[in-house]
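What's in coords-v4.cif: mmCIF, N, CA and C atoms
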```cif
data_data
#
loop_
_atom_site.label_atom_id
_atom_site.label_comp_id
_atom_site.auth_asym_id
_atom_site.auth_seq_id
_atom_site.Cartn_x
_atom_site.Cartn_y
_atom_site.Cartn_z
N MET W 11 92.71 102.87 90.67
CA MET W 11 93.99 102.82 90.00
C MET W 11 94.88 101.79 90.70
N LYS W 12 95.56 101.00 89.92
CA LYS W 12 96.49 100.02 90.46
C LYS W 12 97.79 100.75 90.85
N LEU W 13 98.18 100.63 92.11
CA LEU W 13 99.37 101.35 92.58
C LEU W 13 100.67 100.69 92.13
N ILE W 14 100.68 99.37 92.02
CA ILE W 14 101.87 98.64 91.60
C ILE W 14 101.53 97.81 90.36
N THR W 15 102.10 98.17 89.22
CA THR W 15 101.92 97.42 87.99
C THR W 15 103.05 96.39 87.87
N LYS W 16 102.95 95.51 86.90
CA LYS W 16 104.01 94.52 86.68
C LYS W 16 105.34 95.20 86.33
N ALA W 17 105.29 96.25 85.54
CA ALA W 17 106.52 96.98 85.18
C ALA W 17 107.17 97.63 86.40
N ILE W 18 106.34 98.22 87.26
CA ILE W 18 106.87 98.84 88.48
C ILE W 18 107.40 97.76 89.42
N GLU W 19 106.69 96.65 89.53
CA GLU W 19 107.14 95.55 90.39
C GLU W 19 108.52 95.06 89.97
N LYS W 20 108.76 94.99 88.67
CA LYS W 20 110.08 94.56 88.17
C LYS W 20 111.17 95.53 88.62
N LYS W 21 110.89 96.85 88.53
CA LYS W 21 111.86 97.85 88.99
C LYS W 21 112.10 97.73 90.50
N LEU W 22 111.02 97.51 91.25
CA LEU W 22 111.14 97.41 92.70
C LEU W 22 111.97 96.19 93.10
N LEU W 23 111.75 95.07 92.43
CA LEU W 23 112.50 93.85 92.74
C LEU W 23 113.98 93.99 92.43
N ASN W 24 114.33 94.87 91.48
CA ASN W 24 115.73 95.10 91.11
C ASN W 24 116.41 96.13 92.00
N THR W 25 115.67 96.73 92.93
CA THR W 25 116.23 97.75 93.81
C THR W 25 115.81 97.47 95.25
N PRO W 26 116.39 96.42 95.87
CA PRO W 26 116.00 96.09 97.25
C PRO W 26 116.45 97.15 98.25
N LEU W 27 115.90 97.07 99.45
CA LEU W 27 116.29 98.00 100.51
C LEU W 27 117.80 97.97 100.71
N TYR W 28 118.38 99.12 100.96
CA TYR W 28 119.81 99.34 101.21
C TYR W 28 120.67 99.22 99.95
N SER W 29 120.08 99.02 98.78
CA SER W 29 120.87 98.85 97.57
C SER W 29 121.42 100.17 97.03
N THR W 30 120.86 101.30 97.45
CA THR W 30 121.37 102.59 96.98
C THR W 30 122.11 103.35 98.07
N ASP W 31 122.43 102.67 99.17
CA ASP W 31 123.19 103.33 100.25
C ASP W 31 124.48 103.90 99.67
N GLY W 32 124.79 105.11 100.04
CA GLY W 32 126.01 105.76 99.58
C GLY W 32 125.84 106.52 98.27
N ASN W 33 124.75 106.31 97.57
CA ASN W 33 124.49 107.05 96.33
C ASN W 33 123.91 108.42 96.68
N THR W 34 124.50 109.45 96.15
CA THR W 34 124.00 110.80 96.38
C THR W 34 122.74 111.04 95.55
N VAL W 35 122.75 110.55 94.31
CA VAL W 35 121.61 110.72 93.41
C VAL W 35 120.87 109.39 93.32
N LYS W 36 119.57 109.42 93.60
CA LYS W 36 118.78 108.19 93.62
C LYS W 36 117.67 108.27 92.57
N ASP W 37 117.47 107.18 91.84
CA ASP W 37 116.37 107.10 90.88
C ASP W 37 115.04 107.01 91.64
N VAL W 38 114.05 107.72 91.19
CA VAL W 38 112.70 107.61 91.75
C VAL W 38 112.00 106.50 90.97
N LEU W 39 111.69 105.39 91.66
CA LEU W 39 111.07 104.25 91.01
C LEU W 39 109.59 104.45 90.78
N VAL W 40 108.93 105.10 91.72
CA VAL W 40 107.50 105.39 91.60
C VAL W 40 107.16 106.54 92.53
N LYS W 41 106.18 107.35 92.12
CA LYS W 41 105.73 108.50 92.92
C LYS W 41 104.25 108.30 93.23
N PHE W 42 103.91 108.40 94.51
CA PHE W 42 102.52 108.35 94.96
C PHE W 42 102.15 109.73 95.47
N PHE W 43 100.87 110.09 95.37
CA PHE W 43 100.46 111.41 95.85
C PHE W 43 99.02 111.41 96.33
N ASN W 44 98.72 112.39 97.17
CA ASN W 44 97.37 112.62 97.68
C ASN W 44 96.69 113.58 96.71
N PRO W 45 95.62 113.15 96.02
CA PRO W 45 94.96 114.03 95.06
C PRO W 45 94.17 115.17 95.70
N CYS W 46 94.03 115.14 97.03
CA CYS W 46 93.24 116.16 97.73
C CYS W 46 94.08 117.22 98.43
N GLY W 47 95.38 117.03 98.51
CA GLY W 47 96.18 118.00 99.25
C GLY W 47 97.58 117.51 99.52
N ALA W 48 98.06 117.79 100.72
CA ALA W 48 99.44 117.48 101.08
C ALA W 48 99.69 115.98 101.11
N GLY W 49 100.84 115.60 100.65
CA GLY W 49 101.26 114.22 100.72
C GLY W 49 101.78 113.70 99.40
N THR W 50 103.10 113.52 99.33
CA THR W 50 103.75 112.92 98.17
C THR W 50 104.83 111.99 98.67
N TRP W 51 104.89 110.79 98.07
CA TRP W 51 105.85 109.77 98.47
C TRP W 51 106.64 109.35 97.24
N TYR W 52 107.98 109.47 97.31
CA TYR W 52 108.87 109.09 96.22
C TYR W 52 109.64 107.84 96.64
N VAL W 53 109.55 106.77 95.89
CA VAL W 53 110.16 105.49 96.26
C VAL W 53 111.53 105.36 95.59
N PHE W 54 112.57 105.08 96.42
CA PHE W 54 113.92 104.84 95.91
C PHE W 54 114.28 103.35 95.97
N GLU W 55 113.79 102.65 96.97
CA GLU W 55 114.10 101.23 97.19
C GLU W 55 112.85 100.54 97.71
N ALA W 56 112.79 99.22 97.53
CA ALA W 56 111.60 98.49 98.01
C ALA W 56 111.95 97.03 98.29
N GLU W 57 111.12 96.45 99.14
CA GLU W 57 111.27 95.03 99.47
C GLU W 57 109.87 94.46 99.72
N GLN W 58 109.62 93.31 99.12
CA GLN W 58 108.30 92.69 99.28
C GLN W 58 108.28 91.87 100.56
N HIS W 59 107.22 92.05 101.34
CA HIS W 59 107.00 91.31 102.57
C HIS W 59 105.62 90.66 102.47
N GLY W 60 105.57 89.44 101.99
CA GLY W 60 104.28 88.78 101.77
C GLY W 60 103.52 89.49 100.68
N ASP W 61 102.31 89.93 101.00
CA ASP W 61 101.49 90.67 100.03
C ASP W 61 101.74 92.17 100.07
N ASP W 62 102.58 92.62 100.96
CA ASP W 62 102.83 94.05 101.15
C ASP W 62 104.22 94.41 100.62
N TRP W 63 104.44 95.70 100.43
CA TRP W 63 105.75 96.23 100.06
C TRP W 63 106.19 97.22 101.13
N VAL W 64 107.47 97.19 101.46
CA VAL W 64 108.08 98.20 102.33
C VAL W 64 108.98 99.03 101.44
N PHE W 65 108.80 100.34 101.51
CA PHE W 65 109.54 101.27 100.67
C PHE W 65 110.49 102.12 101.50
N PHE W 66 111.56 102.57 100.86
CA PHE W 66 112.40 103.63 101.41
C PHE W 66 112.39 104.75 100.39
N GLY W 67 112.16 105.97 100.86
CA GLY W 67 112.15 107.08 99.94
C GLY W 67 111.93 108.40 100.64
N LEU W 68 111.58 109.37 99.83
CA LEU W 68 111.34 110.73 100.32
C LEU W 68 109.85 110.89 100.57
N VAL W 69 109.51 111.31 101.77
CA VAL W 69 108.13 111.57 102.14
C VAL W 69 107.98 113.08 102.29
N ASP W 70 107.07 113.66 101.53
CA ASP W 70 106.84 115.10 101.57
C ASP W 70 105.40 115.33 102.03
N LEU W 71 105.23 115.45 103.35
CA LEU W 71 103.90 115.75 103.90
C LEU W 71 103.86 117.23 104.25
N TYR W 72 104.38 117.59 105.38
CA TYR W 72 104.44 118.99 105.75
C TYR W 72 105.88 119.49 105.74
N GLU W 73 106.79 118.54 105.71
CA GLU W 73 108.21 118.81 105.48
C GLU W 73 108.78 117.57 104.80
N LYS W 74 109.91 117.72 104.15
CA LYS W 74 110.52 116.59 103.44
C LYS W 74 111.38 115.78 104.39
N GLU W 75 111.23 114.45 104.31
CA GLU W 75 111.96 113.56 105.21
C GLU W 75 112.20 112.22 104.51
N LEU W 76 113.41 111.71 104.63
CA LEU W 76 113.71 110.37 104.12
C LEU W 76 113.25 109.36 105.15
N GLY W 77 112.62 108.27 104.70
CA GLY W 77 112.15 107.28 105.65
C GLY W 77 111.49 106.09 104.98
N TYR W 78 110.93 105.24 105.81
CA TYR W 78 110.28 104.00 105.38
C TYR W 78 108.77 104.14 105.47
N PHE W 79 108.08 103.54 104.53
CA PHE W 79 106.62 103.49 104.54
C PHE W 79 106.21 102.25 103.75
N SER W 80 104.97 101.86 103.90
CA SER W 80 104.53 100.63 103.23
C SER W 80 103.35 100.89 102.30
N LEU W 81 103.17 99.98 101.38
CA LEU W 81 102.04 100.06 100.46
C LEU W 81 100.72 99.98 101.22
N SER W 82 100.67 99.11 102.24
CA SER W 82 99.44 98.99 103.03
C SER W 82 99.12 100.29 103.77
N ASP W 83 100.15 101.04 104.20
CA ASP W 83 99.92 102.35 104.83
C ASP W 83 99.26 103.30 103.84
N LEU W 84 99.75 103.31 102.61
CA LEU W 84 99.19 104.21 101.59
C LEU W 84 97.76 103.82 101.23
N LYS W 85 97.51 102.53 101.14
CA LYS W 85 96.17 102.05 100.81
C LYS W 85 95.17 102.33 101.93
N ALA W 86 95.64 102.46 103.16
CA ALA W 86 94.76 102.67 104.31
C ALA W 86 94.32 104.11 104.49
N VAL W 87 94.90 105.03 103.74
CA VAL W 87 94.55 106.44 103.88
C VAL W 87 93.15 106.68 103.33
N ASN W 88 92.27 107.21 104.16
CA ASN W 88 90.91 107.55 103.75
C ASN W 88 90.84 109.03 103.43
N LEU W 89 90.49 109.34 102.20
CA LEU W 89 90.41 110.72 101.74
C LEU W 89 88.95 111.11 101.50
N PRO W 90 88.69 112.40 101.44
CA PRO W 90 87.31 112.85 101.17
C PRO W 90 86.84 112.40 99.77
N PHE W 91 85.54 112.37 99.60
CA PHE W 91 84.90 112.11 98.32
C PHE W 91 85.20 110.71 97.77
N GLY W 92 85.59 109.78 98.65
CA GLY W 92 85.88 108.42 98.21
C GLY W 92 87.16 108.27 97.42
N LEU W 93 88.04 109.25 97.52
CA LEU W 93 89.31 109.19 96.80
C LEU W 93 90.36 108.42 97.61
N PHE W 94 91.42 108.01 96.92
CA PHE W 94 92.51 107.25 97.53
C PHE W 94 93.83 107.84 97.07
N ILE W 95 94.92 107.40 97.70
CA ILE W 95 96.26 107.77 97.25
C ILE W 95 96.42 107.24 95.82
N GLU W 96 97.04 108.04 94.97
CA GLU W 96 97.21 107.68 93.57
C GLU W 96 98.68 107.60 93.19
N ARG W 97 98.93 106.99 92.05
CA ARG W 97 100.28 106.88 91.49
C ARG W 97 100.40 107.86 90.33
N ASP W 98 101.50 108.61 90.30
CA ASP W 98 101.76 109.51 89.18
C ASP W 98 102.28 108.68 88.02
N MET W 99 101.47 108.51 86.99
CA MET W 99 101.82 107.64 85.87
C MET W 99 102.88 108.26 84.96
N TYR W 100 103.13 109.57 85.07
CA TYR W 100 104.00 110.25 84.12
C TYR W 100 105.30 110.76 84.73
N PHE W 101 105.48 110.57 86.02
CA PHE W 101 106.67 111.10 86.68
C PHE W 101 107.87 110.19 86.44
N SER W 102 108.99 110.78 86.13
CA SER W 102 110.27 110.06 86.11
C SER W 102 111.33 111.08 86.51
N GLY W 103 112.31 110.62 87.25
CA GLY W 103 113.34 111.55 87.66
C GLY W 103 114.29 110.95 88.67
N LYS W 104 115.21 111.78 89.09
CA LYS W 104 116.22 111.41 90.08
C LYS W 104 116.18 112.46 91.19
N TYR W 105 116.56 112.03 92.38
CA TYR W 105 116.59 112.94 93.52
C TYR W 105 118.02 113.04 94.03
N ASN W 106 118.50 114.27 94.16
CA ASN W 106 119.85 114.52 94.67
C ASN W 106 119.75 114.78 96.17
N CYS W 107 120.27 113.84 96.95
CA CYS W 107 120.18 113.95 98.42
C CYS W 107 121.01 115.09 98.98
N GLU W 108 122.06 115.51 98.30
CA GLU W 108 122.90 116.59 98.80
C GLU W 108 122.20 117.94 98.63
N THR W 109 121.60 118.16 97.48
CA THR W 109 120.97 119.46 97.20
C THR W 109 119.50 119.48 97.61
N GLY W 110 118.87 118.30 97.74
CA GLY W 110 117.45 118.24 98.04
C GLY W 110 116.59 118.61 96.85
N GLU W 111 117.13 118.46 95.66
CA GLU W 111 116.43 118.83 94.44
C GLU W 111 116.24 117.62 93.52
N PHE W 112 115.22 117.68 92.69
CA PHE W 112 115.00 116.66 91.67
C PHE W 112 115.73 117.04 90.40
N GLU W 113 116.24 116.03 89.73
CA GLU W 113 116.95 116.26 88.47
C GLU W 113 116.15 115.75 87.31
#
```
Full structure transcribed into C-alpha cells:
Amino acid sequence: MKLITKAIEKKLLNTPLYSTDGNTVKDVLVKFFNPCGAGTWYVFEAEQHGDDWVFFGLVDLYEKELGYFSLSDLKAVNLPFGLFIERDMYFSGKYNCETGEFE
C-alpha cells in the first residue's frame, strides 16, 4: 500500500510544521496504523525533507503523546507475517487537544 498518495501529499504541503500552533482542534491529515496490534499515528502537520517526510501528530502506542515522527521511521517497522504499517484509507476527523477526543 502506498502510504503517501498525491492527494495526501497536497494536504501535507498545505500544512507545514508549526502551522497549527495555537489551534485547539487540529485536522487529521492522514492516519497510519499497525495492522498487527498497538500503534496508531495521526498526522496534523508535515514537512518534506528530501525523499522523507517529518510529521507532527498524535502517537498512540501504549499511551497517547503528541510528537514528531517520520515516514522513514514508519516504513522501517518490521511486523510479523511480512506486514507493514498501513494507511487508513477511510479515516477523516479532527482531534481536540483540550479534551483528548476525536470529533
Can you pull out every residue from range 73-104 of chain W that DSSP, working from the backbone, puts in alpha helix (DSSP H), and format the result as an MDAnalysis selection string? chainID W and resid 81:85
Rounded to one decimal place, report the CA of Phe42 in chain W-atom N of Asp98 in chain W distance in Å. 4.8 Å
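With only C-alpha atoms as the atoms that count, the minimum distance from Trp63 in chain W to the choices W:Ala17, W:Met11, W:Leu22, W:Leu89 is reached by W:Leu22.
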Please report, as a PyMOL selection string, each residue of chain W to which DSSP assigns strand (DSSP E or B) when run on this structure's backbone. chain W and resi 35-38+40-43+50-59+62-70+74-80+96-97+103-106+111-112
Looking at only C-alpha atoms, which of W:Cys46, W:Phe112, W:Gly60, W:Cys107 is the one that sits closest to Asp31 in chain W? W:Cys107
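Candidate residues W:Thr50, W:Leu93, W:Leu23, W:Val38 were compared for distance to Asp70 in chain W, and the nearest is W:Thr50, using only C-alpha atoms.
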Counting all atoms listed in the file, what is within 6 Å of Trp51 in chain W, bar same-chain residues fewer than 3 positions away, as a JSON list (two decimals) with N, CA and C atoms, keeping the file's coordinate frame?
```json
[["chain", "number", "residue", "atom", "x", "y", "z"],
["W", 40, "VAL", "N", 108.93, 105.10, 91.72],
["W", 40, "VAL", "CA", 107.50, 105.39, 91.60],
["W", 40, "VAL", "C", 107.16, 106.54, 92.53],
["W", 41, "LYS", "N", 106.18, 107.35, 92.12],
["W", 41, "LYS", "CA", 105.73, 108.50, 92.92],
["W", 41, "LYS", "C", 104.25, 108.30, 93.23],
["W", 42, "PHE", "N", 103.91, 108.40, 94.51],
["W", 42, "PHE", "CA", 102.52, 108.35, 94.96],
["W", 42, "PHE", "C", 102.15, 109.73, 95.47],
["W", 43, "PHE", "N", 100.87, 110.09, 95.37],
["W", 43, "PHE", "CA", 100.46, 111.41, 95.85],
["W", 43, "PHE", "C", 99.02, 111.41, 96.33],
["W", 68, "LEU", "N", 111.58, 109.37, 99.83],
["W", 68, "LEU", "CA", 111.34, 110.73, 100.32],
["W", 68, "LEU", "C", 109.85, 110.89, 100.57],
["W", 69, "VAL", "N", 109.51, 111.31, 101.77],
["W", 69, "VAL", "CA", 108.13, 111.57, 102.14],
["W", 69, "VAL", "C", 107.98, 113.08, 102.29],
["W", 70, "ASP", "N", 107.07, 113.66, 101.53],
["W", 70, "ASP", "CA", 106.84, 115.10, 101.57],
["W", 70, "ASP", "C", 105.40, 115.33, 102.03]]
```
CA of Ser80 in chain W and atom C of Glu55 in chain W are how many Å apart? 10.0 Å
Select, from W:Thr109, W:Asn33, W:Ser82, W:Asn24, the residue with the minimum atom-to-atom distance to Val64 in chain W, counting only N, CA and C atoms.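 Smallest separation from Val64 in chain W among the options: W:Ser82.
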Rounded to one decimal place, report the CA of Lys16 in chain W-CA of Asp37 in chain W distance in Å.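 Value for the CA of Lys16 in chain W-CA of Asp37 in chain W distance: 18.1 Å.
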Edge lengths and centre in Å, axis-aligned, range 100-104 of chain W plus 3 Å each side, as AutoDock Vina command-line options:
```
--center_x 109.7 --center_y 111.0 --center_z 87.7 --size_x 19.1 --size_y 8.9 --size_z 13.1
```
Would you mind telling me which residue in W:Leu39, W:Gly47, W:Val87, W:Thr25 lies nearest to Phe101 in chain W when using all atoms listed in the file?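 Closest to Phe101 in chain W of all the choices is W:Leu39.
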Resolved residues for the PyMOL selection byres ((chain W and resi 66) around 5) as a list in words: Val53, Phe54, Glu55, Ala56, Val64, Phe65, Gly67, Leu68, Gly77 and Tyr78 of chain W
I'd like the neighbourhood of Leu13 in chain W as a list in words, where a residue qualifies if any of its atoms comes within 8 Å (using all atoms listed in the file), though same-chain residues fewer than 5 positions away should be ignored.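 The residues satisfying every condition are Ile18, Glu19, Ile95, Glu96, Arg97 and Asp98 of chain W.
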Select, from W:Lys21, W:Lys36, W:Lys12, W:Lys74, the residue with the minimum atom-to-atom distance to Tyr105 in chain W, counting all atoms listed in the file. W:Lys36
